[in-house]
Each structure stands twice: as C-alpha cells, then as structure tokens.
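Scroll down for the structure; my scribbles are underneath it.
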Amino acid sequence: MTYDGFPPFISAQLHYLINHFAHPVRVEQAWSGSKYSNTLDRFTLLIPYCLDTIKWDVIYNAEFPHAPPDIIFGPEDEDFHPFYNESGGEGDSRSIKNSLATWNNKDPTRLLALIWELRDQYMSYQRKRVGEVDDDRLKFEICTMLSREGIEMHMSSGVEKPEEVKFAVPLMDMNINKMVVGCPWRHPQKISLQVIYPVNRKYVSAPSAPHLKLMSTPALKSLFSVDDVKLPPWLDGMCMAEYLPHLEETLERQVSEAVSLIEVRRRFIEALAPLFGRPIETDSVFYRKSMFFVASGAFSFLVLFFLSTQFPKQQPSLMLQSSMYFNSQGMPIKSPLLTDYPWSPRWEHSQMAERTFEFLVDESVNFKKYCNEAQLQQNQH
C-alpha cells in the first residue's frame with residue numbers, strides 16, 4: 001500500500017508495522033480526524049487472529065504528534081480492557097504500560113510493539129473467556145491440548161447467533177519455507193486446523209463432531225492447496241488429542257509430495273523446449289507457469305502453460321495468445337483455456353510434450369481462423 005496523506009511519523013510507523021509484523025496485517029480504511037485538514041491520522045487495522053481477523057481502529061492526532069495513539073477495539077470486545085486490572089487500577093500489563101509510557105513518535109518500531117503487545121493481551125483475554133465457559137466437553141478438550149504450542153482461542157457470542165468457541169490449532173512442526181528452493185515467501189507458511197465447538201451448557205451423552213476446516217497461509221497455494229485434502233473422519237467419542245496425530249501425519253506426507261512435484265513440473269517444462277524452443281518466461285520456483293513464442297508459417301503466437309499442484313494427475317491448461325491480432329480494446333486476442341487434449345499421467349515427460357505439441361499444431365490452425373474472424377468483425381464495425 002501507499003502511505004500518501006499520512007504525516008511522516010505515522011507513515012514510518014505504519015510502514016514498519018506492515019512490513020515487520022509476524023502476521024500479515026492490512027489497513028482497511030484511513031481517514032482524517034480534523035475538520036480543517038485532509039491529513040490522514042487514523043485508520044482501521046485488520047489483524048489476523050484465530051484464523052480470522054479482528055478490526056482495531058488506531059486513532060492518532062496529527063495536531064499532537066508526540067501523543068501515543070488511542071486504540072478502539074471491536075464491539076464484541078467491550079470487556080477487553082488491557083490497560084486496567086480487575087480492581088480498576090492502571091497497568092494490567094507492565095509491558096503495555098511501558099510501551100505507552102515510553103512512547104516516542106520518532107521511533108518507527110513503536111506502533112508494531114504496541115499492536116503486538118495488545119494482540120498478546122487479547123489472546124490471554126480470549127483464553128480466559130473460553131476457560132470460564134460452563135461446558136464439560138470444552139473444559140476437557142482444553143485440558144488435552146494444553147501441551148500444544150501456539151493454539152489461539154476465541155469465544156463468540158451474540159443476540160442473533162449461538163455461542164461457540166473457535167480454536168486455531170497450528171499443525172506440523174515443519175519449516176515449509178526451507179523445503180522450497182529459492183523460496184519467495186516473506187512470512188513462514190503454515191497449515192492450521194480451525195475447530196468450532198457449539199457451547200452446550202447442559203450434559204450431552206453423545207456430543208456431535210465439531211466443525212473442522214483446514215486453513216493455510218494464502219501464499220502456500222502456489223505449492224499445496226489444503227482444499228485438496230480430505231479430512232479424516234471424526235469418530236464417536238473422539239477428542240482433539242486423538243484426532244490431530246493422524247491428520248498431521250497425512251499432511252506431512254502430502255506436503256513432502258507437493259515439494260517433490262516441483263521437480264516433476266520442471267522436467268516437463270524442460271521436455272517442451274526441444275519442440276517449442278526455449279520458454280520466454282517461466283515460473284522458476286514452483287514451475288506452475290511457462291510461456292513459449294511459436295510460429296506456424298507466417299502466423300506467430302504465444303503458448304501459455306498453466307500447471308496445477310495436481311500435475312501430472314491433472315493435465316496443464318493451455319492458452320494461445322496472438323502476437324499480431326488485437327481486439328477492439330487493443331488487447332491481444334486469446335483462446336479460451338484448452339484442457340481437452342490427449343493426456344496420461346503415466347506417460348514419460350517427452351511423450352507428454354510430444355502429444356501436446358501435436359495437439360497444438362492442429363489447434364493453431366483453428367486459432368488463426370479465430371483471429372482472422374475476430375479481426376474481420378472488428379474492421380466491419
């Protein structure tokens with residue numbers, strides 16, 4: 001994002017927060033608190049928490065730059081008072097009190113330190129709320145998961161929705177970033193299990209399975225999609241401590257396989273070169289995309305290969321793009337995605353490349369005709 005419109009000291013602190021926070025924080029909106037100036041000095045932060053986001057408004061006052069910002073929490077968290085202890089005194093957290101007491105608007109790291117400390121306090125606040133819920137099953141589940149690090153909890157309640165407790169459980173002690181050669185990711189890539197329990201304040205002899213959903217950091221989709229993972233069944237009477245080991249074992253195997261498939265895709269793209277020439281552009285980390293410039297007689301065009309994480313079980317999608325013909329908006333004419341052509345995941349890479357090349361030799365004739373017709377229609381208009 002750009003930081004235009006903010007005073008330099010806010011811009012520096014916001015820039016440092018966005019680029020150095022351990023989780024990908026975003027600014028949803030920014031506005032000015034002054035009637036007489038358009039200077040931006042307040043904004044809404046979207047902060048990842050429990051596989052969701054919490055919204056906090058950060059309120060600076062550009063007219064008093066030396067003062068620390070106020071933080072306004074969400075309407076669901078009206079009981080969250082990190083600056084006060086239960087007796088009403090100041091300083092429930094010494095680190096937060098120090099963070100504000102030693103505030104220095106010229107130090108770009110100060111906003112990050114404040115938000116990090118507040119998020120840490122928020123985690124403790126939510127854990128305390130969950131621990132106070134009068135539900136025997138939840139109390140048991142919490143006890144069985146205490147030894148696991150990094151679990152986040154969230155108690156959700158409201159007039160129009162039933163009470164529920166959400167857990168975010170980090171899975172696998174794997175450093176996925178280190179497994180990828182030339183890793184482009186700035187943040188560690190993680191997979192977590194979201195577990196949602198309805199709150200039952202009455203005894204239930206056979207409680208139903210919780211709602212389970214696998215989630216990952218967004219960038220991981222370049223390598224591995226959790227949407228392709230089939231979750232193991234939740235058996236009657238099961239608890240999380242029994243469920244997680246089998247799930248983690250399955251995921252570790254599938255992530256390792258996904259990493260090995262990078263090399264499989266690379267070898268396929270290499271096998272295309274003797275037939276199509278050297279690619280003019282290739283994704284050289286995950287080998288998910290590649291582009292070739294080819295000619296059929298006087299007709300030249302680009303061939304784009306899109307390889308999924310399921311390659312070679314799933315064949316590449318192809319697209320042809322003209323280098324000579326353009327539509328009425330001045331954009332190169334493109335074919336629809338082509339996926340219906342001879343393919344077998346059991347073929348050698350060289351055979352995959354040859355059969356794809358044979359298909360495209362015939363398809364180039366159809367594409368040339370398509371481009372000519374599109375050009376003719378454009379000229380008539």
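How things are named: the first chain in the structure tokens is A, the next is B, and so on; residues count from 1 in each chain; ligands count from 1 in the order shown.
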* Contacts of Leu320 of chain A within 12 Å, only C-alpha atoms, excl. fewer than 2 positions in-chain, as an MDAnalysis selection string -> chainID A and resid 291:295 300:306 317:318 322:323 325 332:338 360:361 363:368 370:371
* **Close residues, Leu272 of chain A itself excluded, 7 Å, only C-alpha atoms, min 4 positions apart in chain, as a VMD selection string** => chain A and resid 268 276 353
* Asked: Could you name the residues that touch segment 110-115 of chain A at 10 Å or less, counting only C-alpha atoms, but leaving out those on the same chain fewer than 2 positions away, as a count of residues only?
  -> 37
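Considering only C-alpha atoms, the residue among A:Ala30, A:Met238, A:Ala67, A:Ile176 positioned nearest to Leu46 of chain A is A:Ala30.
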* Asked: Which neighbours of Lys139 of chain A fall inside 12 Å, counting only C-alpha atoms, when residues of the same chain fewer than 3 positions from it are skipped, and could you give them as a list in words?
  -> Arg127, Lys128, Arg129, Val130, Gly131, Glu132, Val133, Asp134, Asp135, Asp136, Ile142, Cys143, Thr144, Met145, Leu146, Val165, Tyr197, Val199, Asn200, Arg201 and Cys239 of chain A
Go through segment 134-251 of chain A residue by residue and, counting only C-alpha atoms, keep those with an atom at most 12 Å from segment 279-290 of chain A; for each kept residue give the shortest atom pair and its distance in Å to one decimal, ordered by chain and increasing number, as a tab-separated table.
residue	atom	partner	partner_atom	distance
A:Asn177	CA	A:Val285	CA	11.8
A:Met179	CA	A:Val285	CA	11.5
A:Val180	CA	A:Val285	CA	7.7
A:Val181	CA	A:Val285	CA	6.9
A:Gly182	CA	A:Val285	CA	6.1
A:Cys183	CA	A:Val285	CA	7.1
A:Pro184	CA	A:Val285	CA	8.0
A:Trp185	CA	A:Val285	CA	10.9
A:Ala219	CA	A:Phe286	CA	11.8
A:Leu220	CA	A:Phe286	CA	10.8
A:Lys221	CA	A:Phe286	CA	10.5
A:Ser222	CA	A:Phe286	CA	6.9
A:Leu223	CA	A:Phe286	CA	6.7
A:Phe224	CA	A:Phe286	CA	10.3
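For the pair atom CA of Leu40 of chain A and atom CA of Ser11 of chain A, the interatomic distance is 9.6 Å.
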* To do: Output as number ranges by chain all residues of segment 152-338 of chain A that backbone DSSP marks as helix (DSSP H, G or I).
  => A: 176-179, 218-222, 226-228, 240-276
* For atom CA of Asp340 of chain A and atom CA of Gln321 of chain A, the interatomic separation in Å (one decimal) -> 17.7 Å
